[in-house]
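Q: Below you will find the structure I want to go over with you.
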Amino acid sequence: MTRHVVAHVADIPPGERLIVEIAGRSIGVFNVNGRFFAVKNSCPHQGGQLCLGRTVGLATAERPGEITYTREGEILRCPWHGWEFDLATGRSVFDPNRTRVKSYPVEVEELQAETYPVEIERERVVVVLT
Amino acid sequence: MSAVAHEPRAATARQTPRELSLIDCDAHHNWGGVKDVLPYLPRYWADYVLESQFKALPNSPYPKGVGGGERVDARPGDVGSAGSDVDFFRRQLLDEWGVDVAILTGQFYNVAFLANAGFAAALSSALNDWMIETWLARDDRFRGSLTVPMQDPVAAVKEIDRLGSRPDIVQILISAGSRMPYGQAFYDPIWEACERNGLVVGMHFGGIGIMHAPTSAGWPSYYLEWHTDMSQAFQAQMVSLVAEGTFQKFPGLKFALIEGGFAWVPHVMWRLDKNWKGLRTECPWLTRKPSEIILDHFRLTTQPIEEPDNDAHLLQVFEMMDASRTLMFSSDYPHWDFDSPQQAFPRLPAELKRRIFVENARELYGL
Ligand code: FES
C-alpha cells in the first residue's frame, strides 16, 4: 500500500476533477460536493479515458415515464459510449456486480509540519494505491 | 345481429387434459366474402356494406406472386377461397397432419386500417361472432383469435371484454405494421384488457392501409421484398414494447410474433442490450437486460422457417434465441408459404422438438 499526495484540496474545487499519473497509472481524482473519489482513467468497456467524461446524476424510475434524478454529480459517464459508473464505488449502474472500474481510497490529510510564514493550503489530497 | 351466446361455455372436451403432439399457431380460416358476416352486423352497418359495395379489407399493394398467396390445392372445389370451407380445412390441415390444436388466425387484422373506426369496430364484432358460430363451434381443436379495431382503443377494449373470457378465445390478433409503434401509450388500454382477460397478443405478418411504408427505406417494389422486409416491422415493435416499459406496466402480458421470422432475434437482443448499457438513462425503468425481458414476454412462430444451406446454422440460431423457450410451430395453412410439420425442419433433438411443436404453445395459450 502506497500513499501519494496528488494535490491541495483547493486545487480540485467541488464538481472538478484532476487527472494524475501515479506509478504509471492514469487516475482521476474527483471532488463531489466536498468528498473525494479516485478511479482509474480507463473504461472497462473499450478502454476510453473514463475520467474525461461528464459527472451526472442518477436517473431511476419506479414506473415507465416517472423519472427521478438524484445524486447529482456522483455518477461518471464514459465519454465514449456513455456507460455510467458510481464514483463512490466504481460500480457500473447497469451491472454493478460484474462491471466496475477500479476505484481507489482517497484521504484528506491535515498539514502539520509546514512553518513557512506564507499562506498555504491546510489540507492535501492523498490517493492510496492498494 | 345474431344471438351468439357470449358466456364462457361450460366445461367441454376443451378442458379435458389430453396428450398433445402438434399445435399449429398460425392456421388461417377465411370468409367466403363479406356476405358471410352480414347477418352478424347491426342493420346500419350491413346497409353501409351494401350501399358502398364494400368488398374487401385494405390490402397490400403487392399482388402475391405465387398462387395469389394461397396453396393452390387448398381451394375447396373450383370456387371458394382457400381456408373458407370448415370441413375441407379440417380434413386438409387437422386430420392430414394430426394437428391437435389449431390457433385460427383468419385474415382480418387489417380492419385496423379502415379509416372509419366505427365500421372497424362493427366489423370486428361481426367477424368474431361469425368465427365463434361457424368455426369454433364446429371442432374443439380450434381456438380463436379476436379481431379488434386497433385505431380505437376504447372500442377495442369493449370487444376484448365482451368475448375475451371465453375459453375458446386465446388471443387478439393484430398486424406487425401499425399507425405508431405498439409500445406507445395510446395502446396501453388494449394491453391492460388483454392482461386482465388472460389473452395473448398475437402479432401477425401484415399491416396495410393507413400506415407507414413497411420499411424505413420506403415502399419496396415487389412482394418478394415486402415478404422479406416484414421482419423489420416485428423488430421495431419488439424494441418499442421493451423500451417503453410495456411489460413493467403489464407484467402478465405476452406477445406471440407470428410469421415474422426469428433469426433476427439474436441481433435485436444483442443490439438492444448493448445500447441499453450506454443509453439506459432515457428509459431508466429498464432495470434489467432488455434481452431478458424479450425472452420472458415474446414467443415466435416458426413459419416461414429460415432455410440456410447448412442446417447446423439454423440450430445455432435456435440456441442463440433460446428456442426451447421461445419458438412455436406454425404452418400458415393455407397460404403459399405453408410449412410442413414433417419436412420443414432439420433433425432436432427430441426435447427441443417437443418444446417447439407442443410445449411452448401449450404453456403460452394455457392449452
Ligand atoms: S469505452 Fe467507456 S463506454 Fe465504451
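Identifiers in the C-alpha cells: chain A, B, ... in order shown; residue index from 1 per chain; ligand index from 1 in order shown.
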Do a neighbour search on Glu107 in chain A at 10 Å with only C-alpha atoms, toss out local chain neighbours closer than 4 positions, and write the hits as a VMD selection string.
A: chain A and resid 3 to 5 35 to 37 124 to 128
Q: Ligand 1: which residues are within 12 Å, counting only C-alpha atoms and all ligand atoms? Reply as an MDAnalysis selection string.
A: (chainID A and resid 40:54 76:85 92:94 99:101) or (chainID B and resid 274:279)
Q: Restricting the calculation to only C-alpha atoms, which member of A:Ala88, A:Leu18, A:Ile27, A:Ala38 is positioned closest to Glu74 in chain A?
A: A:Ala88
Q: Could the residues of chain B within 10 Å of chain A, counting only C-alpha atoms, be given as a PyMOL selection string, please?
A: chain B and resi 243-249+274-289
Q: From the options B:Gly98, B:Pro167, B:Gly77, B:Gly260, which residue's atoms come nearest to Trp226 in chain B, counting only C-alpha atoms?
A: B:Gly260
Q: Which neighbours of range 44-52 of chain B fall inside 8 Å, counting only C-alpha atoms, when residues of the same chain fewer than 5 positions from it are skipped, and could you give them as a PDB file with C-alpha atoms, in the first residue's frame?
A:
```
ATOM      1  CA  LEU B  38     -73.641  -9.500 -42.999  1.00  0.00           C
ATOM      2  CA  PRO B  39     -76.011 -11.383 -40.654  1.00  0.00           C
ATOM      3  CA  PHE B 119     -67.063   0.489 -39.162  1.00  0.00           C
ATOM      4  CA  ALA B 122     -68.711  -3.197 -36.017  1.00  0.00           C
TER       5      ALA B 122
END
```
Q: Run DSSP on the backbone of this structure and report the residues of range 188-298 of chain B it assigns to strand (DSSP E), as a VMD selection string.
A: chain B and resid 200 to 204 255 to 258 298
Q: Store the residues picked out above in a file with N, CA, C and O atoms, as a PDB file, in the first residue's frame.
A:
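File written: selection28.pdb
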```
ATOM      1  N   VAL B 200     -53.315 -13.603 -24.876  1.00  0.00           N
ATOM      2  CA  VAL B 200     -52.046 -13.311 -25.525  1.00  0.00           C
ATOM      3  C   VAL B 200     -52.304 -12.235 -26.587  1.00  0.00           C
ATOM      4  O   VAL B 200     -53.422 -12.086 -27.068  1.00  0.00           O
ATOM      5  N   VAL B 201     -51.276 -11.471 -26.936  1.00  0.00           N
ATOM      6  CA  VAL B 201     -51.378 -10.604 -28.113  1.00  0.00           C
ATOM      7  C   VAL B 201     -50.635 -11.298 -29.257  1.00  0.00           C
ATOM      8  O   VAL B 201     -49.415 -11.451 -29.213  1.00  0.00           O
ATOM      9  N   GLY B 202     -51.383 -11.752 -30.245  1.00  0.00           N
ATOM     10  CA  GLY B 202     -50.778 -12.330 -31.430  1.00  0.00           C
ATOM     11  C   GLY B 202     -50.484 -11.206 -32.416  1.00  0.00           C
ATOM     12  O   GLY B 202     -51.370 -10.401 -32.735  1.00  0.00           O
ATOM     13  N   MET B 203     -49.236 -11.105 -32.833  1.00  0.00           N
ATOM     14  CA  MET B 203     -48.883 -10.066 -33.813  1.00  0.00           C
ATOM     15  C   MET B 203     -48.448 -10.780 -35.083  1.00  0.00           C
ATOM     16  O   MET B 203     -47.485 -11.541 -35.087  1.00  0.00           O
ATOM     17  N   HIS B 204     -49.176 -10.528 -36.148  1.00  0.00           N
ATOM     18  CA  HIS B 204     -49.005 -11.310 -37.369  1.00  0.00           C
ATOM     19  C   HIS B 204     -48.420 -10.459 -38.493  1.00  0.00           C
ATOM     20  O   HIS B 204     -48.637  -9.249 -38.547  1.00  0.00           O
ATOM     21  N   PHE B 255     -46.569 -11.629 -25.902  1.00  0.00           N
ATOM     22  CA  PHE B 255     -46.786 -11.471 -27.342  1.00  0.00           C
ATOM     23  C   PHE B 255     -46.342 -12.732 -28.074  1.00  0.00           C
ATOM     24  O   PHE B 255     -45.291 -13.295 -27.770  1.00  0.00           O
ATOM     25  N   ALA B 256     -47.145 -13.139 -29.049  1.00  0.00           N
ATOM     26  CA  ALA B 256     -46.738 -14.185 -29.986  1.00  0.00           C
ATOM     27  C   ALA B 256     -46.479 -13.494 -31.319  1.00  0.00           C
ATOM     28  O   ALA B 256     -47.384 -12.883 -31.887  1.00  0.00           O
ATOM     29  N   LEU B 257     -45.261 -13.548 -31.789  1.00  0.00           N
ATOM     30  CA  LEU B 257     -44.923 -12.920 -33.069  1.00  0.00           C
ATOM     31  C   LEU B 257     -45.047 -13.994 -34.158  1.00  0.00           C
ATOM     32  O   LEU B 257     -44.320 -14.990 -34.136  1.00  0.00           O
ATOM     33  N   ILE B 258     -45.965 -13.759 -35.072  1.00  0.00           N
ATOM     34  CA  ILE B 258     -46.383 -14.808 -35.991  1.00  0.00           C
ATOM     35  C   ILE B 258     -45.987 -14.464 -37.428  1.00  0.00           C
ATOM     36  O   ILE B 258     -46.356 -13.400 -37.930  1.00  0.00           O
ATOM     37  N   PHE B 298     -41.862 -12.592 -25.120  1.00  0.00           N
ATOM     38  CA  PHE B 298     -42.124 -12.828 -26.532  1.00  0.00           C
ATOM     39  C   PHE B 298     -41.963 -14.295 -26.886  1.00  0.00           C
ATOM     40  O   PHE B 298     -41.008 -14.949 -26.453  1.00  0.00           O
TER      41      PHE B 298
END
```
Q: Give me, as an MDAnalysis selection string, the residues of range 66-277 of chain B that a backbone DSSP run labels alpha helix (DSSP H).
A: chainID B and resid 86:89 96:97 117:134 153:163 188:197 223:243 246:249 265:277
Q: So, with only C-alpha atoms as the atoms that count, which of B:Ser60, B:Asn197, B:Gln151, B:Ser178 lies closest to Ala236 in chain B?
A: B:Ser178
Q: Quote the spacing between CA of Asp139 in chain B and CA of Ile169 in chain B in Å to one decimal place.
A: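 Taking CA of Asp139 in chain B as the start and CA of Ile169 in chain B as the end point, the length is 13.4 Å.
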Q: I'd like the interatomic distance between CA of Arg17 in chain A and CA of Val29 in chain A, to a tenth of an Å.
A: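 Here the two named atoms are 5.4 Å from each other.
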Q: When distances are computed from only C-alpha atoms, which of B:Leu224, B:Val111, B:Val268, B:Val86 shows the smallest separation from Ser291 in chain B?
A: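 Closest to Ser291 in chain B, using only C-alpha atoms: B:Val268.
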Q: Hey, what's within 7 Å of range 88-95 of chain B if we count only C-alpha atoms and toss same-chain stuff fewer than 4 positions away? As a ChimeraX atom specification, please?
A: /B:76,83,99
Q: Please produce a file of those selected residues containing C-alpha atoms, as a compact mmCIF listing (two decimals), in the first residue's frame.
A:
```txt
# COMPACT_ATOMS: atom_id res chain seq x y z
CA PRO B 76 -62.27 -26.04 -51.90
CA GLY B 83 -59.48 -21.66 -45.91
CA VAL B 99 -52.92 -31.19 -35.58
```
